[in-house]
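**Q** Okay, so here is entry14.txt, and as you'll see once you scroll down, it has compact mmCIF, C-alpha atoms.
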```
# COMPACT_ATOMS: atom_id res chain seq x y z
CA MET A 1 -39.82 130.95 -9.73
CA ARG A 2 -39.43 127.23 -10.32
CA ASP A 3 -36.42 127.76 -12.62
CA HIS A 4 -34.78 129.99 -10.01
CA GLU A 5 -35.30 127.36 -7.31
CA ALA A 6 -33.80 124.66 -9.52
CA ALA A 7 -30.80 126.85 -10.33
CA GLU A 8 -30.19 127.44 -6.65
CA GLY A 9 -30.50 123.75 -5.81
CA HIS A 10 -33.75 124.15 -3.88
CA GLU A 11 -35.97 122.18 -6.24
CA ASP A 12 -38.21 119.65 -4.55
CA HIS A 13 -36.32 116.45 -5.21
CA GLY A 14 -39.11 114.47 -3.54
CA ARG A 15 -40.60 113.62 -6.93
CA SER A 16 -37.37 112.49 -8.58
CA CYS A 17 -35.65 111.00 -5.56
CA GLY A 18 -38.69 109.63 -3.79
CA ALA A 19 -40.09 110.90 -0.53
CA ASN A 20 -40.33 108.78 2.55
CA PRO A 21 -43.58 108.53 4.53
CA THR A 22 -42.51 111.31 6.90
CA GLY A 23 -42.26 113.74 4.00
CA ALA A 24 -38.50 114.14 4.33
CA ARG A 25 -36.39 114.05 1.21
CA ASP A 26 -34.80 110.73 0.30
CA TRP A 27 -31.41 111.41 -1.26
CA GLY A 28 -30.81 107.88 -2.46
CA ARG A 29 -27.57 106.95 -4.20
CA GLY A 30 -27.53 107.86 -7.86
CA ALA A 31 -30.65 109.98 -7.46
CA GLU A 32 -28.86 113.29 -7.95
CA THR A 33 -26.10 114.48 -10.23
CA PRO A 34 -22.78 115.71 -8.79
CA GLU A 35 -23.90 119.29 -9.55
CA GLU A 36 -27.24 118.77 -7.77
CA ARG A 37 -25.45 117.25 -4.83
CA ALA A 38 -23.01 120.17 -4.71
CA ASP A 39 -25.93 122.62 -4.85
CA ARG A 40 -27.70 120.81 -2.01
CA ARG A 41 -24.54 120.61 0.08
CA TRP A 42 -23.80 124.29 -0.57
CA GLY A 43 -27.30 125.23 0.65
CA ASP A 44 -26.83 123.13 3.78
CA LEU A 45 -23.43 124.70 4.42
CA LEU A 46 -24.83 128.21 4.05
CA GLN A 47 -27.49 127.47 6.67
CA GLU A 48 -24.83 126.17 9.06
CA LEU A 49 -22.60 129.17 8.43
CA ARG A 50 -25.42 131.62 9.14
CA VAL A 51 -25.70 130.28 12.67
CA ALA A 52 -21.96 130.17 13.33
CA GLN A 53 -21.17 133.54 11.72
CA THR A 54 -23.74 135.40 13.78
CA GLY A 55 -22.43 134.07 17.08
CA VAL A 56 -18.80 134.62 16.12
CA GLN A 57 -19.40 138.18 14.99
CA ILE A 58 -21.18 139.03 18.24
CA LEU A 59 -18.42 137.44 20.31
CA PHE A 60 -15.69 139.16 18.31
CA GLY A 61 -17.44 142.54 18.55
CA PHE A 62 -17.70 142.14 22.30
CA LEU A 63 -14.01 141.20 22.54
CA LEU A 64 -13.02 144.32 20.64
CA THR A 65 -14.85 146.55 23.14
CA VAL A 66 -13.21 145.04 26.24
CA VAL A 67 -9.97 146.96 25.77
CA PHE A 68 -11.90 150.24 26.04
CA GLN A 69 -13.36 149.43 29.46
CA GLN A 70 -11.93 151.21 32.50
CA ARG A 71 -11.16 147.96 34.31
CA PHE A 72 -8.98 146.71 31.43
CA THR A 73 -5.98 148.61 32.79
CA ALA A 74 -6.32 146.70 36.07
CA LEU A 75 -5.78 143.32 34.36
CA SER A 76 -2.60 141.42 35.15
CA ASP A 77 -0.03 140.89 32.41
CA THR A 78 -1.15 137.25 32.15
CA ASP A 79 -4.78 138.29 31.67
CA ARG A 80 -3.76 140.84 29.02
CA HIS A 81 -1.85 138.12 27.18
CA ILE A 82 -4.88 135.83 27.37
CA TYR A 83 -7.01 138.69 26.04
CA THR A 84 -4.59 139.30 23.15
CA VAL A 85 -4.60 135.61 22.21
CA THR A 86 -8.39 135.57 22.46
CA VAL A 87 -8.77 138.55 20.10
CA ILE A 88 -6.36 137.01 17.57
CA LEU A 89 -8.23 133.69 17.77
CA GLY A 90 -11.54 135.54 17.33
CA ALA A 91 -10.24 137.34 14.24
CA ALA A 92 -8.94 134.06 12.79
CA THR A 93 -12.33 132.46 13.48
CA VAL A 94 -14.17 135.25 11.67
CA GLY A 95 -11.77 134.86 8.75
CA ALA A 96 -12.34 131.11 8.49
CA LEU A 97 -16.13 131.30 8.84
CA VAL A 98 -16.54 134.20 6.41
CA GLY A 99 -14.01 132.69 3.99
CA PRO A 100 -16.55 130.42 2.26
CA VAL A 101 -18.51 133.50 1.17
CA SER A 102 -15.45 134.95 -0.56
CA LEU A 103 -14.54 131.56 -1.98
CA HIS A 104 -18.00 131.17 -3.48
CA ARG A 105 -18.01 134.70 -4.88
CA VAL A 106 -14.59 134.32 -6.56
CA LEU A 107 -15.35 130.86 -7.98
CA THR A 108 -18.98 131.41 -9.03
CA GLY A 109 -19.56 130.71 -12.71
CA ARG A 110 -16.35 128.73 -13.16
CA ARG A 111 -18.04 125.31 -12.97
CA LEU A 112 -16.20 124.46 -9.76
CA LYS A 113 -19.18 123.98 -7.43
CA PRO A 114 -18.09 120.58 -6.02
CA GLU A 115 -14.57 121.91 -5.37
CA THR A 116 -15.99 125.11 -3.87
CA VAL A 117 -18.20 123.12 -1.51
CA LEU A 118 -15.27 120.94 -0.44
CA LEU A 119 -12.99 123.91 0.25
CA ALA A 120 -15.78 125.84 2.01
CA SER A 121 -16.54 122.80 4.15
CA ARG A 122 -12.89 122.53 5.17
CA LEU A 123 -12.79 126.24 6.03
CA THR A 124 -15.92 125.75 8.13
CA ILE A 125 -14.36 122.88 10.08
CA LEU A 126 -11.25 125.01 10.62
CA GLY A 127 -13.53 127.83 11.76
CA LEU A 128 -15.21 125.53 14.28
CA VAL A 129 -11.83 124.46 15.67
CA LEU A 130 -10.80 128.12 15.94
CA LEU A 131 -14.15 128.92 17.57
CA LEU A 132 -13.48 126.18 20.11
CA CYS A 133 -10.14 127.83 20.88
CA THR A 134 -11.71 131.31 21.02
CA MET A 135 -14.47 130.16 23.37
CA THR A 136 -11.99 128.36 25.59
CA SER A 137 -9.70 131.37 25.73
CA SER A 138 -12.63 133.73 26.42
CA LEU A 139 -13.86 131.51 29.22
CA LEU A 140 -10.37 131.35 30.71
CA LEU A 141 -10.13 135.13 30.76
CA VAL A 142 -13.55 135.62 32.33
CA LEU A 143 -13.26 132.77 34.82
CA ARG A 144 -9.80 133.87 35.97
CA LEU A 145 -11.45 137.11 37.02
CA THR A 146 -14.49 135.56 38.68
CA VAL A 147 -13.44 132.20 40.18
CA GLN A 148 -10.80 131.63 42.82
CA GLY A 149 -7.72 129.44 42.37
CA SER A 150 -7.45 126.58 39.95
CA TRP A 151 -11.21 126.31 39.54
CA ALA A 152 -11.01 128.51 36.44
CA ALA A 153 -8.76 126.09 34.56
CA GLY A 154 -10.86 123.12 35.63
CA LEU A 155 -14.11 124.73 34.52
CA VAL A 156 -12.55 125.76 31.21
CA GLY A 157 -11.36 122.18 30.69
CA VAL A 158 -14.87 120.84 31.34
CA MET A 159 -16.39 123.36 28.93
CA ALA A 160 -13.77 122.63 26.26
CA LEU A 161 -14.60 118.93 26.56
CA TRP A 162 -18.30 119.79 26.28
CA PHE A 163 -17.69 121.76 23.05
CA VAL A 164 -15.61 118.92 21.61
CA ILE A 165 -18.35 116.40 22.41
CA CYS A 166 -21.16 118.57 20.99
CA TRP A 167 -19.37 119.89 17.92
CA PHE A 168 -17.21 116.93 16.92
CA GLY A 169 -17.82 113.85 19.06
CA LEU A 170 -21.55 113.45 18.52
CA PRO A 171 -21.45 114.18 14.77
CA LEU A 172 -18.55 111.77 14.26
CA TRP A 173 -20.28 109.12 16.36
CA ALA A 174 -23.50 109.55 14.33
CA ARG A 175 -21.52 109.43 11.09
CA HIS A 176 -19.80 106.23 12.21
CA ARG A 177 -23.12 104.61 13.08
CA GLY A 178 -24.81 105.76 9.87
CA ASN A 179 -23.83 105.23 6.28
CA PRO A 180 -20.37 106.82 5.80
CA ALA A 181 -21.05 107.21 2.06
CA ASP A 182 -23.88 109.66 2.72
CA GLY A 183 -23.06 113.29 2.90
```
Can you give me the file's structure in the form of structure tokens?

**A**
Amino acid sequence: MRDHEAAEGHEDHGRSCGANPTGARDWGRGAETPEERADRRWGDLLQELRVAQTGVQILFGFLLTVVFQQRFTALSDTDRHIYTVTVILGAATVGALVGPVSLHRVLTGRRLKPETVLLASRLTILGLVLLLCTMTSSLLLVLRLTVQGSWAAGLVGVMALWFVICWFGLPLWARHRGNPADG
């Protein structure tokens, strides 16, 4: 079991890298090889993707069923266009967030783990941007049907800002305050 864990990058690096008093791993500079770092980063990325993929797949599945509802025919042309854009954005989001799985599968065994992690990370960021657009578009469609007047656009703008703050602003702020060489 120990060999399997090491091969997957899940070995307890606390002994070789030093553990801090809280028991958390201390990934000090020079404490891990580029391959170990790539393995660790890949494991972290997979955990992040599991959360995002589940939500995106549920949202996309829901979007695909909307067209089969009786009330869909009562939508205005504008709302149908918003729906079409939302479905396309949802599909693009699924593609970007599932892409790292395919990337890993195609490149496994070719000694390209650091490059794979970098490309998968970029696809994940693209997927988050597309998810932001999908969520915003979904909210616009729903709120246009439930809220009167220009309130829908205002609420969507507030929620889009909220997503940007949570998904990009806070992480970038924390990265700026911390050590930019860590990662």

**Q** Range 95-99 of chain A: which residues within 10 Å, counting only C-alpha atoms, same-chain residues fewer than 2 positions away excluded, as a ChimeraX atom specification?

**A** /A:49-50,52-54,56-57,89-93,101-105,119-131

**Q** So what do you get for CA of Leu139 in chain A versus CA of Phe168 in chain A, distance-wise?

**A** 19.4 Å

**Q** Quick one: residues within 12 Å of Val66 in chain A, all atoms listed in the file, excluding same-chain residues fewer than 2 positions away - as a ChimeraX atom specification?

**A** /A:59-64,68-73,75,80,83-84,86-87,138,141-142

**Q** Please check which residues have atoms at most 9 Å from (-18.0, 128.8, 25.6) in the file's coordinates, counting all atoms listed in the file, and write them as a VMD selection string.

**A** chain A and resid 131 to 132 134 to 139 156 159 to 160 163

**Q** Could you please determine the separation between CA of Gly55 in chain A and CA of Val85 in chain A in Å, to one decimal place?

**A** 18.6 Å

**Q** For the atom pair CA of Trp42 in chain A and CA of Thr116 in chain A, what is the interatomic distance in Å to one decimal place?

**A**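 If I compute the distance from CA of Trp42 in chain A to CA of Thr116 in chain A, I get 8.5 Å.
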
**Q** My list of candidates is A:Ile165, A:Val117, A:Leu112, A:Ala74. Which is closest to Gly43 in chain A when distances are computed with all atoms listed in the file?

**A** A:Val117

**Q** Compare A:Leu118, A:His176, A:Lys113, A:Ser150 by their minimum atom-to-atom distance to Glu35 in chain A, counting all atoms listed in the file, and give me the closest one.

**A**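 Looking at the shortest contact to Glu35 in chain A, the residue is A:Lys113.
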
**Q** Taking only C-alpha atoms into account, name the residue in A:Arg40, A:Arg144, A:Arg177, A:Arg111 that is nearest to Asp79 in chain A.

**A**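 Once distances to Asp79 in chain A are computed over only C-alpha atoms, the minimum belongs to A:Arg144.
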